[in-house]
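K.L.:
First the structure, which I've put down as structure tokens, then a few questions once you've had a look.
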Amino acid sequence: MASMEIASAELPARRKTASLWADALYRLTRNRAAVIGGILVILLTLTALFAAQIAPFSYSEQDRNQTDAVPKWMLTLFPMMKPYAKISDKFPLGADYVGRDLLSRLIYGTQISLSVAFVGPIIALVVGTVYGLISGFFGGRVDNIMMRFVDIMYAFPTMLLIILMMAFFRSTFAESAPGTFAYAMNAIDRRLGGMLFIFIGIGITAWMGTARLARGQVLSLREQEFTLAARAMGAGNMRIIFKHLLPNVLGPLIITVTLDIPAYISAEAFLSFIGLGVNAPTPSWGSMISDGSQAIRTYPHQAILPALALSITMFAFNFLGDGLRDALDPRLRGVQ
């Protein structure tokens, strides 16, 4: 009995194996850049959710007496404004050309950018994943037809396609009779501040890369032993696709859509910059940069501040995406 206890004590303790997602979370928390990016994303999300409570003024409130006003401390950063600047400490970051608080518009602009940052990847992940899973699993003629449609969509430059669709939506739905589908869509777009057609434009083009990646992953997994075993046990096609294949391809897909988030944010900012984005006076960092660029030599902060907010947001998602890529890469599992 004593010898058995000694032998059991000498046996090495069995290492607890962590699940893939727990291991990925551990790796993610060890990546400092990813943690910083995640903290910034959380802060930006809270800012967007509680913008009405955080912002000192409404984004559309105007004070004509404060047009292009700047606080005194800002002259230290931009001394070239001293000869003509209107000094006022009413607004912490100054006012724009119609007397609206820049800080409040920056805070409300977070809602627009984060809406695109979350809606775009969700559309890409859902539509692209289902499309790619079906195409790769069934193969043959189904795969050929589905992928040729993706090739046709890829033949058009993505940004040009979005611009054409936005111009079409805005011109076609603007003059619609009450009671029609176009009128209802236009009404929804107005209630969303011009975001509906941006979601549609990005959603139509966002899923193609995800679909190709999902298809490629399924082509390499559908003949694996676990898939053949599931089929031998009588599992149907849909069960094999969503129960066995989807969990194995979800990691790379999440990485891809996360890394694409900055592209969605920049697309919305560009559309707003050229006047095809949100409807005025809804604040978007792209439209604020566009307005500020008209007076960049005299009031540079009106363009620099929203550009800085846009850059920080894109950097945060880039850091987080890179961290997720390293955390979810199966080849790195167990190395440390």
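By order in the structure tokens, chains are A, B, ...; within a chain, residues start at 1; ligands start at 1, following the order shown.
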May I have all residues of range 25-258 of chain A that DSSP, computed from the backbone, assigns to alpha helix (DSSP H), given as a PyMOL selection string?
P.N.:
chain A and resi 25-30+32-49+51-54+74-77+102-138+140-154+158-174+181-191+196-206+208-221+225-232+237-239+246-258
K.L.:
Run DSSP on the backbone and give me the residues of range 5-169 of chain A it puts in strand (DSSP E), as a list in words.
P.N.:
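So, restricting range 5-169 of chain A to strand (DSSP E), we get Ala69, Val70, Lys86 and Ile87 of chain A.
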K.L.:
Just write the chosen residues, C-alpha atoms, as a short mmCIF file (atom, residue, chain, number, x, y, z; two decimals), in the first residue's frame.
P.N.:
data_model
loop_
_atom_site.label_atom_id
_atom_site.label_comp_id
_atom_site.auth_asym_id
_atom_site.auth_seq_id
_atom_site.Cartn_x
_atom_site.Cartn_y
_atom_site.Cartn_z
CA ALA A 69 -14.62 80.20 -31.39
CA VAL A 70 -11.60 78.55 -29.77
CA LYS A 86 -12.42 84.44 -31.43
CA ILE A 87 -11.50 83.49 -27.87
#
K.L.:
Show which residues sit within 9 Å of Ile202 in chain A, as a list of chain:residue names. Count only C-alpha atoms, and ignore same-chain residues fewer than 4 positions away.
P.N.:
A:Val116, A:Gly120, A:Ile123, A:Thr158, A:Ile162, A:Phe197, A:Ile198, A:Ala206, A:Trp207, A:Tyr264, A:Ala267, A:Glu268
K.L.:
Each residue of range 136-220 of chain A with at least one atom at most 12 Å from range 283-289 of chain A should appear once, together with its nearest atom pair and the corresponding distance in Å (one decimal); atoms considered: only C-alpha atoms; ordering: chain, then increasing residue number; output as a tab-separated table.
P.N.:
residue	atom	partner	partner_atom	distance
A:Leu192	CA	A:Pro283	CA	11.9
A:Gly193	CA	A:Pro283	CA	9.0
A:Gly194	CA	A:Ser284	CA	10.6
A:Met195	CA	A:Ser284	CA	10.5
K.L.:
Within 9 Å of His301 in chain A, counting only C-alpha atoms, which residues show up once you throw out same-chain ones fewer than 4 positions away? Write them as an MDAnalysis selection string, please.
P.N.:
chainID A and resid 74 78 93:94 292 296 305:306
K.L.:
Can you write out as JSON lines which residues of range 209-291 of chain A fall within 12 Å of range 19-37 of chain A, alongside each residue's closest atom pair and its distance in Å to one decimal, counting only C-alpha atoms and ordering rows by chain and ascending residue number?
P.N.:
{"residue": "A:Pro247", "atom": "CA", "partner": "A:Leu20", "partner_atom": "CA", "distance": 10.6}
{"residue": "A:Asn248", "atom": "CA", "partner": "A:Leu20", "partner_atom": "CA", "distance": 10.4}
{"residue": "A:Leu250", "atom": "CA", "partner": "A:Trp21", "partner_atom": "CA", "distance": 11.1}
{"residue": "A:Gly251", "atom": "CA", "partner": "A:Trp21", "partner_atom": "CA", "distance": 9.1}
{"residue": "A:Ile255", "atom": "CA", "partner": "A:Ala24", "partner_atom": "CA", "distance": 11.8}
{"residue": "A:Thr258", "atom": "CA", "partner": "A:Gly37", "partner_atom": "CA", "distance": 12.0}
K.L.:
Write a file of the selected residues as a PDB file, in the first residue's frame, keeping N, CA and C atoms.
P.N.:
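Saved to out.pdb:
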ATOM      1  N   PRO A 247     -17.625  25.241 -36.268  1.00  0.00           N
ATOM      2  CA  PRO A 247     -16.708  25.548 -35.157  1.00  0.00           C
ATOM      3  C   PRO A 247     -15.238  25.522 -35.551  1.00  0.00           C
ATOM      4  N   ASN A 248     -14.885  24.725 -36.571  1.00  0.00           N
ATOM      5  CA  ASN A 248     -13.491  24.604 -36.971  1.00  0.00           C
ATOM      6  C   ASN A 248     -13.038  25.724 -37.899  1.00  0.00           C
ATOM      7  N   LEU A 250     -14.516  28.907 -37.646  1.00  0.00           N
ATOM      8  CA  LEU A 250     -14.954  30.180 -37.078  1.00  0.00           C
ATOM      9  C   LEU A 250     -13.780  31.048 -36.645  1.00  0.00           C
ATOM     10  N   GLY A 251     -12.718  30.443 -36.116  1.00  0.00           N
ATOM     11  CA  GLY A 251     -11.569  31.218 -35.654  1.00  0.00           C
ATOM     12  C   GLY A 251     -10.946  32.078 -36.734  1.00  0.00           C
ATOM     13  N   ILE A 255     -10.966  36.341 -37.131  1.00  0.00           N
ATOM     14  CA  ILE A 255      -9.747  37.117 -37.328  1.00  0.00           C
ATOM     15  C   ILE A 255      -9.889  38.017 -38.555  1.00  0.00           C
ATOM     16  N   THR A 258     -12.394  40.915 -38.079  1.00  0.00           N
ATOM     17  CA  THR A 258     -11.875  41.896 -37.125  1.00  0.00           C
ATOM     18  C   THR A 258     -10.818  42.774 -37.772  1.00  0.00           C
TER      19      THR A 258
END
K.L.:
What lies within 12 Å of Pro83 in chain A using only C-alpha atoms, ignoring chain neighbours under 6 positions off, as number ranges by chain?
P.N.:
A: 75, 298-299
K.L.:
Any chance you could export the current selection's N, CA and C atoms as a PDB file, in the first residue's frame?
P.N.:
ATOM      1  N   LEU A  75      -4.690  78.081 -28.336  1.00  0.00           N
ATOM      2  CA  LEU A  75      -3.754  78.969 -29.032  1.00  0.00           C
ATOM      3  C   LEU A  75      -2.302  78.550 -28.783  1.00  0.00           C
ATOM      4  N   THR A 298      -6.738  78.289 -41.388  1.00  0.00           N
ATOM      5  CA  THR A 298      -7.087  79.257 -40.351  1.00  0.00           C
ATOM      6  C   THR A 298      -7.504  78.584 -39.043  1.00  0.00           C
ATOM      7  N   TYR A 299      -8.267  77.494 -39.130  1.00  0.00           N
ATOM      8  CA  TYR A 299      -8.710  76.754 -37.941  1.00  0.00           C
ATOM      9  C   TYR A 299      -8.369  75.274 -38.122  1.00  0.00           C
TER      10      TYR A 299
END
